[in-house]
Every structure is written in structure tokens, then in C-alpha cells.
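**Q** This is the content of my_file09.cif (mmCIF, C-alpha atoms):
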```
data_upload
#
loop_
_atom_site.label_atom_id
_atom_site.label_comp_id
_atom_site.auth_asym_id
_atom_site.auth_seq_id
_atom_site.Cartn_x
_atom_site.Cartn_y
_atom_site.Cartn_z
CA MET H 208 183.72 25.57 269.23
CA LYS H 209 187.32 26.86 269.46
CA LYS H 210 187.69 29.81 271.83
CA SER H 211 189.06 32.10 269.11
CA HIS H 212 186.10 31.27 266.87
CA GLN H 213 183.66 31.84 269.72
CA MET H 214 185.24 35.25 270.37
CA LEU H 215 184.81 36.15 266.69
CA VAL H 216 181.16 35.08 266.64
CA THR H 217 180.47 36.98 269.86
CA THR H 218 182.11 40.12 268.45
CA LEU H 219 180.04 39.72 265.27
CA MET H 220 176.79 39.24 267.18
CA GLU H 221 177.55 42.24 269.41
CA ALA H 222 178.07 44.32 266.24
CA ALA H 223 174.77 43.02 264.82
CA ILE H 224 172.91 43.86 268.06
CA GLU H 225 174.45 47.34 268.25
CA LYS H 226 173.47 47.99 264.62
CA ALA H 227 169.90 46.77 265.27
CA LYS H 228 169.70 49.24 268.17
CA GLN H 229 170.91 52.06 265.90
CA GLY H 230 168.21 51.12 263.41
CA MET H 231 165.53 51.05 266.08
CA ALA H 232 166.61 54.50 267.31
CA ASN H 233 165.80 55.69 263.78
CA GLY H 234 162.42 54.01 263.44
CA GLN H 235 163.56 50.76 261.85
CA SER H 236 162.60 47.24 262.93
CA PRO H 237 164.64 45.20 265.45
CA PHE H 238 167.01 43.21 263.25
CA GLY H 239 170.77 43.36 262.70
CA CYS H 240 173.32 41.27 260.82
CA ALA H 241 177.13 41.19 260.62
CA ILE H 242 179.40 39.27 258.22
CA SER H 243 183.10 38.42 258.51
CA ILE H 244 185.64 36.77 256.26
CA ASN H 245 189.05 35.65 257.51
CA GLY H 246 188.35 37.16 260.92
CA LYS H 247 187.62 40.64 259.54
CA ILE H 248 184.17 42.23 259.71
CA ILE H 249 183.23 43.24 256.16
CA ALA H 250 179.56 44.23 256.62
CA VAL H 251 177.18 45.25 259.41
CA SER H 252 173.60 46.24 258.59
CA HIS H 253 170.24 46.77 260.21
CA ASN H 254 166.86 46.24 258.62
CA SER H 255 165.83 49.29 256.56
CA VAL H 256 162.47 48.24 255.10
CA VAL H 257 160.68 51.32 256.44
CA ARG H 258 163.45 53.86 255.74
CA ASP H 259 164.03 52.67 252.18
CA THR H 260 160.41 51.73 251.30
CA ASP H 261 161.89 48.38 250.27
CA ILE H 262 160.22 45.23 251.58
CA THR H 263 163.36 43.21 250.69
CA ALA H 264 165.67 45.36 252.87
CA HIS H 265 166.03 42.86 255.73
CA ALA H 266 169.22 43.07 257.79
CA GLU H 267 170.72 39.95 256.17
CA ILE H 268 169.94 41.08 252.60
CA ASN H 269 171.44 44.50 253.32
CA ALA H 270 174.56 42.92 254.86
CA ILE H 271 175.01 40.46 251.98
CA ARG H 272 174.73 43.27 249.42
CA GLN H 273 177.22 45.39 251.39
CA ALA H 274 179.62 42.45 251.73
CA CYS H 275 179.49 41.59 248.00
CA LYS H 276 180.37 45.21 247.20
CA GLN H 277 183.08 45.27 249.87
CA ILE H 278 185.00 42.27 248.49
CA ASP H 279 183.85 42.79 244.87
CA ASN H 280 182.56 39.21 244.65
CA ILE H 281 179.11 37.64 244.44
CA PHE H 282 180.36 34.71 246.55
CA LEU H 283 181.03 35.21 250.24
CA SER H 284 183.01 31.99 250.58
CA ASP H 285 184.14 31.08 254.12
CA ALA H 286 181.98 33.90 255.52
CA ILE H 287 180.79 33.71 259.13
CA VAL H 288 177.44 35.46 259.65
CA ALA H 289 175.73 36.58 262.85
CA SER H 290 172.07 37.59 262.70
CA THR H 291 170.07 38.81 265.69
CA CYS H 292 167.07 36.81 264.46
CA GLU H 293 166.57 33.51 262.65
CA PRO H 294 166.74 34.27 258.92
CA CYS H 295 163.37 34.19 257.14
CA PRO H 296 163.23 32.00 253.99
CA MET H 297 164.16 35.03 251.83
CA CYS H 298 167.30 35.71 253.86
CA MET H 299 168.22 32.04 254.39
CA ALA H 300 168.05 31.44 250.64
CA ALA H 301 170.11 34.59 250.01
CA LEU H 302 172.78 33.28 252.41
CA HIS H 303 172.76 30.02 250.46
CA TRP H 304 173.16 31.85 247.13
CA ALA H 305 176.06 33.83 248.65
CA ARG H 306 177.66 30.50 249.69
CA VAL H 307 178.48 31.64 253.21
CA LYS H 308 179.96 29.03 255.53
CA GLU H 309 178.22 29.48 258.92
CA VAL H 310 175.20 31.42 260.15
CA TYR H 311 174.64 32.06 263.87
CA TYR H 312 171.36 33.55 265.06
CA GLY H 313 169.84 34.59 268.39
CA ALA H 314 166.07 35.15 268.49
CA SER H 315 163.69 32.88 266.55
CA ILE H 316 161.14 33.47 263.79
CA SER H 317 158.40 32.88 266.38
CA ASP H 318 159.75 35.82 268.42
CA ALA H 319 159.43 38.00 265.30
CA GLU H 320 155.97 36.64 264.61
CA GLN H 321 154.84 37.40 268.17
CA ALA H 322 156.10 40.95 267.66
CA GLY H 323 153.70 41.25 264.70
CA PHE H 324 155.70 40.32 261.62
CA ASN H 325 153.93 38.35 258.85
CA GLU H 326 156.41 35.47 258.89
CA LEU H 327 156.21 32.43 256.64
CA GLN H 328 155.85 29.29 258.77
CA LEU H 329 159.18 27.92 257.60
CA PRO H 330 162.14 27.58 259.97
CA ALA H 331 165.57 28.42 258.53
CA ALA H 332 166.69 24.86 259.35
CA ASP H 333 163.99 23.51 257.02
CA ILE H 334 165.20 25.71 254.15
CA VAL H 335 168.73 24.36 254.68
CA LYS H 336 167.69 20.71 255.13
CA GLN H 337 164.94 20.43 252.52
CA GLY H 338 166.83 22.63 250.11
CA LYS H 339 170.02 20.55 250.55
CA SER H 340 172.14 23.61 251.27
CA SER H 341 175.65 23.23 252.65
CA VAL H 342 175.33 26.32 254.87
CA ILE H 343 175.90 25.47 258.57
CA LEU H 344 173.20 26.99 260.78
CA ILE H 345 173.52 27.48 264.55
CA SER H 346 170.51 28.65 266.61
CA GLY H 347 170.16 30.41 269.95
CA TYR H 348 173.47 32.31 269.97
CA MET H 349 173.21 35.18 272.50
CA GLU H 350 169.48 34.50 272.43
CA LYS H 351 168.66 36.58 275.51
CA GLU H 352 170.29 39.77 274.18
CA CYS H 353 168.64 39.24 270.78
CA THR H 354 165.09 38.62 272.05
CA GLU H 355 165.55 41.70 274.24
CA LEU H 356 165.55 43.77 271.01
CA PHE H 357 161.93 42.78 270.36
CA LYS H 358 160.92 43.84 273.87
CA THR H 359 162.46 47.28 273.39
CA TRP H 360 160.90 47.62 269.92
CA THR H 361 157.42 46.52 271.10
CA MET H 362 157.42 49.41 273.57
CA SER H 363 158.45 51.93 270.90
CA ALA H 364 155.84 54.39 269.64
CA GLN H 365 157.40 54.37 266.17
CA LYS H 366 157.10 50.62 265.62
CA GLN H 367 155.74 49.41 262.27
CA ALA H 368 155.41 45.68 261.66
CA TYR H 369 154.86 44.24 258.16
CA MET S 49 140.77 32.82 233.74
CA LYS S 50 138.86 35.79 232.33
CA LYS S 51 140.07 36.84 228.89
CA SER S 52 140.98 40.38 230.05
CA HIS S 53 143.06 38.94 232.90
CA GLN S 54 144.75 36.48 230.55
CA MET S 55 145.63 39.34 228.22
CA LEU S 56 147.17 41.27 231.12
CA VAL S 57 149.23 38.28 232.28
CA THR S 58 150.41 37.61 228.72
CA THR S 59 151.42 41.26 228.30
CA LEU S 60 153.26 41.10 231.64
CA MET S 61 155.06 37.88 230.71
CA GLU S 62 156.03 39.26 227.30
CA ALA S 63 157.51 42.30 229.08
CA ALA S 64 159.41 40.00 231.48
CA ILE S 65 160.77 37.91 228.57
CA GLU S 66 161.80 41.01 226.61
CA LYS S 67 163.58 42.40 229.69
CA ALA S 68 165.36 39.06 230.26
CA LYS S 69 166.59 39.21 226.64
CA GLN S 70 167.88 42.76 227.20
CA GLY S 71 169.73 41.54 230.27
CA MET S 72 171.24 38.61 228.41
CA ALA S 73 172.40 40.92 225.63
CA ASN S 74 174.38 42.72 228.34
CA GLY S 75 175.91 39.65 229.97
CA GLN S 76 173.26 39.03 232.61
CA SER S 77 171.54 35.73 233.38
CA PRO S 78 168.27 34.63 231.71
CA PHE S 79 165.60 35.86 234.12
CA GLY S 80 162.97 38.60 233.88
CA CYS S 81 160.06 39.74 236.02
CA ALA S 82 157.18 42.22 235.57
CA ILE S 83 154.68 43.52 238.14
CA SER S 84 151.32 45.22 237.62
CA ILE S 85 148.74 46.79 239.90
CA ASN S 86 145.25 47.71 238.69
CA GLY S 87 146.14 46.73 235.13
CA LYS S 88 149.15 49.05 234.94
CA ILE S 89 152.74 47.77 234.69
CA ILE S 90 154.69 49.36 237.53
CA ALA S 91 157.99 47.45 237.33
CA VAL S 92 159.95 45.34 234.83
CA SER S 93 163.41 44.04 235.74
CA HIS S 94 165.98 41.51 234.67
CA ASN S 95 168.45 39.72 236.90
CA SER S 96 171.53 41.90 237.53
CA VAL S 97 173.63 39.73 239.86
CA VAL S 98 176.71 39.93 237.62
CA ARG S 99 176.39 43.61 236.63
CA ASP S 100 175.80 44.81 240.20
CA THR S 101 178.06 42.29 242.00
CA ASP S 102 175.01 41.58 244.15
CA ILE S 103 174.01 37.95 244.67
CA THR S 104 170.53 39.07 245.80
CA ALA S 105 169.77 40.95 242.54
CA HIS S 106 167.43 38.33 241.06
CA ALA S 107 164.82 39.59 238.61
CA GLU S 108 161.98 39.31 241.14
CA ILE S 109 163.90 41.09 243.93
CA ASN S 110 164.83 43.89 241.51
CA ALA S 111 161.22 44.20 240.32
CA ILE S 112 159.81 44.23 243.87
CA ARG S 113 162.26 46.95 244.93
CA GLN S 114 161.41 48.99 241.82
CA ALA S 115 157.65 48.52 242.41
CA CYS S 116 157.85 49.55 246.09
CA LYS S 117 159.65 52.74 245.05
CA GLN S 118 157.19 53.34 242.21
CA ILE S 119 154.07 53.29 244.41
CA ASP S 120 155.89 54.48 247.56
CA ASN S 121 154.60 51.50 249.55
CA ILE S 122 156.22 48.39 251.04
CA PHE S 123 153.07 46.42 250.27
CA LEU S 124 152.24 45.53 246.67
CA SER S 125 148.64 44.61 247.45
CA ASP S 126 146.61 43.18 244.54
CA ALA S 127 149.78 42.97 242.44
CA ILE S 128 149.94 40.51 239.55
CA VAL S 129 153.47 39.23 238.91
CA ALA S 130 154.92 37.42 235.89
CA SER S 131 158.33 35.80 236.22
CA THR S 132 160.09 33.97 233.38
CA CYS S 133 161.28 31.33 235.87
CA GLU S 134 159.86 29.74 239.01
CA PRO S 135 160.86 31.97 241.93
CA CYS S 136 163.64 30.55 244.10
CA PRO S 137 162.89 30.48 247.87
CA MET S 138 164.49 33.94 248.28
CA CYS S 139 162.23 35.47 245.65
CA MET S 140 159.11 33.51 246.64
CA ALA S 141 159.50 34.68 250.24
CA ALA S 142 160.08 38.26 249.05
CA LEU S 143 156.84 38.08 247.04
CA HIS S 144 155.09 36.87 250.22
CA TRP S 145 156.53 39.75 252.26
CA ALA S 146 155.35 42.19 249.55
CA ARG S 147 151.86 40.65 249.83
CA VAL S 148 151.38 40.34 246.08
CA LYS S 149 148.19 38.61 244.93
CA GLU S 150 149.19 36.29 242.06
CA VAL S 151 152.48 35.03 240.64
CA TYR S 152 152.67 33.43 237.17
CA TYR S 153 155.86 31.75 236.04
CA GLY S 154 157.09 29.97 232.92
CA ALA S 155 160.27 27.87 233.24
CA SER S 156 160.94 25.78 236.35
CA ILE S 157 163.70 25.76 238.97
CA SER S 158 164.93 22.48 237.42
CA ASP S 159 165.43 24.30 234.09
CA ALA S 160 167.61 26.85 235.93
CA GLU S 161 169.46 24.08 237.74
CA GLN S 162 170.17 22.26 234.46
CA ALA S 163 171.58 25.52 233.12
CA GLY S 164 174.08 25.49 236.01
CA PHE S 165 172.52 27.56 238.80
CA ASN S 166 173.08 26.40 242.40
CA GLU S 167 169.37 26.15 243.22
CA LEU S 168 167.98 25.10 246.58
CA GLN S 169 165.86 21.94 246.16
CA LEU S 170 162.69 23.72 247.21
CA PRO S 171 159.85 24.35 244.76
CA ALA S 172 158.07 27.71 245.05
CA ALA S 173 154.81 25.83 245.72
CA ASP S 174 156.36 24.28 248.84
CA ILE S 175 157.37 27.70 250.18
CA VAL S 176 153.77 28.87 249.70
CA LYS S 177 152.13 25.73 251.10
CA GLN S 178 154.46 24.93 253.99
CA GLY S 179 154.87 28.60 254.82
CA LYS S 180 151.08 29.12 254.80
CA SER S 181 151.33 32.09 252.44
CA SER S 182 148.21 33.49 250.79
CA VAL S 183 150.04 34.24 247.52
CA ILE S 184 148.43 32.45 244.54
CA LEU S 185 151.05 30.69 242.39
CA ILE S 186 150.46 29.54 238.79
CA SER S 187 153.11 27.45 237.01
CA GLY S 188 153.92 26.85 233.34
CA TYR S 189 152.65 30.15 231.91
CA MET S 190 154.23 30.68 228.44
CA GLU S 191 156.62 27.92 229.46
CA LYS S 192 158.02 27.34 225.97
CA GLU S 193 159.07 30.97 225.45
CA CYS S 194 160.56 31.08 228.97
CA THR S 195 162.59 27.85 228.73
CA GLU S 196 163.85 29.13 225.35
CA LEU S 197 165.73 31.86 227.29
CA PHE S 198 167.92 29.21 228.93
CA LYS S 199 168.74 27.68 225.55
CA THR S 200 169.85 31.05 224.19
CA TRP S 201 171.84 31.78 227.35
CA THR S 202 173.54 28.35 227.40
CA MET S 203 174.97 29.09 223.95
CA SER S 204 176.27 32.50 225.00
CA ALA S 205 180.01 32.97 225.46
CA GLN S 206 179.43 35.49 228.27
CA LYS S 207 177.35 33.17 230.46
CA GLN S 208 178.20 33.02 234.18
CA ALA S 209 176.16 30.71 236.44
CA TYR S 210 176.26 31.02 240.23
#
```
Once you've parsed the file, please lay out its structure as C-alpha cells.

**A**
Amino acid sequence: MKKSHQMLVTTLMEAAIEKAKQGMANGQSPFGCAISINGKIIAVSHNSVVRDTDITAHAEINAIRQACKQIDNIFLSDAIVASTCEPCPMCMAALHWARVKEVYYGASISDAEQAGFNELQLPAADIVKQGKSSVILISGYMEKECTELFKTWTMSAQKQAY
Amino acid sequence: MKKSHQMLVTTLMEAAIEKAKQGMANGQSPFGCAISINGKIIAVSHNSVVRDTDITAHAEINAIRQACKQIDNIFLSDAIVASTCEPCPMCMAALHWARVKEVYYGASISDAEQAGFNELQLPAADIVKQGKSSVILISGYMEKECTELFKTWTMSAQKQAY
């Protein structure tokens, strides 16, 4: 990876982690997502399932919706996405529909499952491969910092898995 | 299927089809979804991707969000869902997260693909089976009426696939 691109992805992932922490401080679950186009961050969201009483309000879905509004386009072409956790099939398919270019993630679905979430047993890579998507998916980016979010959340009194 | 249950599913599917037609009359794509709990319809939505500039606003996602708000609960336990088209992986996973009981659909993902939609090559049944979901999925319900929606839409001047 080019150094400038790596710096962008790191900045994006740091924004996603910071947003996840903000969410957790307000009783939300430990997930964050950031999206950039042409080097500019256009959306950063945390999961808001509990706050919004909306089971679809995962960090990636929230960020995609925010990004579509931001650029007034249903297609997020050339978008680079950083997600603190491996996208679930709902979010991975949403990223495909949005036609983003690259998705970097830190923690894995099994980390989320161990924390108590009712995950489908379908890795994001399988959705991409079996579904014949052209989205490029990169695992384990800043994995340590991202899995750390689950540790913090697991110790929280407010935690609510689903 | 018990006759009373069949009547409920038919009523739900008719509501989904009617809503899809309303959407199409306003420039939206040919998808509708209805959700009931304890025999009562709690949500009916059409796809609103184009209207809302929101690539995640599929009929099922819209209906799930509406239903969660309606019953003030992130879980739609015991919900019966009728969707005019086979749920894409995003929507099928969302239905899993919402813990609905049964999902009936009419047209298939290949019908949507033939109409021009950029579908992932992943049948809803594979998401359920591979993902080890407990959602019960029933295909081909009122299939003729549901595939008819695509024919109407294909002839529309306003149509916009994605």
C-alpha cells in the first residue's frame, strides 16, 4: 500500500474508533465506521441500534446513509471505508449496493459474536466472493485497537447485545 | 398452511404489492414489504432509494425500521413478513437481526437482476442456511402478481436501476 493511502486509511480508522468510543459513552454498542472520497472524510458514524430503536442502525449503514446525503448520490464510487469490525452480511451487502471501492476492517465477526451479538455465520469475504462483488475487502487493519473496543464495552454496565 | 394463516399472508402480500405500486407511481423501484405481529399489520413500505437518496432504503429495511418504531422494540419477534421480491443479502440479514419468524416472498432476485439491478449472486436461502439463521423463508408466494411489478416498472419512463 502507498504511504499516502495508508495514512488516509489510518486516519479513517482512527475516526471510526473515536466515534465508536463516543457511542459507547452514550450506551451504544462498540462499532464505528468512516467513509472518504477523494481523500476527504464525508461520513463518520457509530452504531445507534439502541438509541434509535432501529435494528438496522449499524455503524456502516448509518455511515452509508450519511455519505449518500452528503454527496447527494446513491453511489459512493471510489469510496474508501474503514470499519472497526468486519461488516455483517447486511452491512457488506449495503457497501456493495453503494459501490464503494475498498473496505478496511479491524476486529472480526467472531469478536462481536463472543461479545454476545447474534451474528450470522457468514464472513464478509464470503459475501464478496460468493456474491461476485467487486468491492475490495481488507481484514485486520488496526485490529488490536478495534478488538479493544469490545473489551471496554464488555465491562460496561450499560451494555446491551442483540 | 392453516387457512387463517394463509389469509393473513395473502393480505400482507397484497398490502406489499399495493405499496410497491404506490412507490412506482412516484418514481420509485418495484419493491414492497409488509410486516405483521399477532395478526395485525404494523408496517408497510416501498423501496425509497431514489426519493431519499439512500442506497440502503430497500422496502424491507424501510419496513423493519417502521416496525421497530411502531412497537418500540428492536426485536420483531413472531413477525410474519411478506416481500414482493426475494430479500437481497442486506435485507435478509436485517430480517435475521430483527428476529422475525417467517418471510414470504414472490419474485426472485434473478427477476430483479433481469430488470437491471446490481444484485449480489447470493440467494436469500443461502444467507439463512449458511448463516445458520432461524428465520423461516418461503419462496414464490403470489409470484405472478409480484413479477408483474417488474414488467410494469420496465415500461416506465422514470425507471432508475442501481

**Q** Provide the CA of His94 in chain S to CA of Gln114 in chain S distance in Å, to one decimal place.

**A**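 One can read the CA of His94 in chain S to CA of Gln114 in chain S distance as 11.3 Å.
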
**Q** Using all atoms listed in the file, determine which residues lie at most 10 Å from Ala68 in chain S, disregarding the query and same-chain residues fewer than 5 positions distant; provide the list as a ChimeraX atom specification.

**A** /S:62-63,73-74,76-81,92-96,107,131-132,194,197

**Q** Please, which residues of chain S lie no more than 6 Å from chain H when the count uses only C-alpha atoms, and can they be set out as an mmCIF file with C-alpha atoms, in the frame of the given file?

**A**
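Generated output (out.cif):
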```
data_model
loop_
_atom_site.group_PDB
_atom_site.id
_atom_site.type_symbol
_atom_site.label_atom_id
_atom_site.label_comp_id
_atom_site.auth_asym_id
_atom_site.auth_seq_id
_atom_site.Cartn_x
_atom_site.Cartn_y
_atom_site.Cartn_z
ATOM 1 C CA THR S 101 178.060 42.290 242.000
ATOM 2 C CA ASP S 102 175.010 41.580 244.150
ATOM 3 C CA ILE S 103 174.010 37.950 244.670
ATOM 4 C CA ARG S 113 162.260 46.950 244.930
ATOM 5 C CA CYS S 116 157.850 49.550 246.090
ATOM 6 C CA ILE S 122 156.220 48.390 251.040
ATOM 7 C CA PRO S 137 162.890 30.480 247.870
ATOM 8 C CA MET S 138 164.490 33.940 248.280
ATOM 9 C CA ALA S 141 159.500 34.680 250.240
ATOM 10 C CA ALA S 142 160.080 38.260 249.050
ATOM 11 C CA LEU S 168 167.980 25.100 246.580
ATOM 12 C CA GLN S 169 165.860 21.940 246.160
ATOM 13 C CA LEU S 170 162.690 23.720 247.210
ATOM 14 C CA GLY S 179 154.870 28.600 254.820
#
```

**Q** Which one is closest to Ile224 in chain H: H:Ala332, H:Lys366, H:Ala314, H:Lys209? Count all atoms listed in the file.

**A** H:Ala314

**Q** Kindly give the distance, in Å, that separates CA of Gly188 in chain S and CA of Lys67 in chain S, rounded to a single decimal.

**A**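 Going from CA of Gly188 in chain S over to CA of Lys67 in chain S, I get 18.7 Å.
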
**Q** As an exercise, work out the distance from CA of Asp285 in chain H to CA of Ile249 in chain H in Å and give it to one decimal place.

**A**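 Between these atoms lies a distance of 12.4 Å.
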
**Q** Which residues are near Ser346 in chain H? Cut-off 8 Å, only C-alpha atoms, ignore same chain within fewer than 6 positions. Put them as number ranges by chain.

**A** H: 293, 311-313

**Q** Applying 8 Å and only C-alpha atoms, which residues near Glu309 in chain H remain after dropping the ones on its own chain fewer than 4 positions away? List them as a ChimeraX atom specification.

**A** /H:285-288,342-345

**Q** List the spatial neighbours of Ile248 in chain H as a list in words - criterion: any atom at most 8 Å away, all atoms listed in the file, same-chain residues fewer than 6 positions off excluded.

**A** Leu219, Ala241 and Ile242 of chain H

**Q** Go ahead and dump the residues you just picked, C-alpha atoms, as a PDB file, in the frame of the given file.

**A**
```
ATOM      1  CA  LEU H 219     180.040  39.720 265.270  1.00  0.00           C
ATOM      2  CA  ALA H 241     177.130  41.190 260.620  1.00  0.00           C
ATOM      3  CA  ILE H 242     179.400  39.270 258.220  1.00  0.00           C
TER       4      ILE H 242
END
```

**Q** What box, with edges along x, y and z, holds each listed atom of range 259-275 of chain H when 4 Å is added on every side, and can you state its centre and edge lengths in Å to one decimal, as AutoDock Vina command-line options?

**A**
```
--center_x 169.9 --center_y 46.3 --center_z 252.9 --size_x 27.4 --size_y 20.7 --size_z 17.8
```

**Q** For Trp360 in chain H, which residue out of H:His265, H:Lys228, H:Lys247, H:His212 is the nearest one, using only C-alpha atoms?

**A**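 The closest residue to Trp360 in chain H is H:Lys228.
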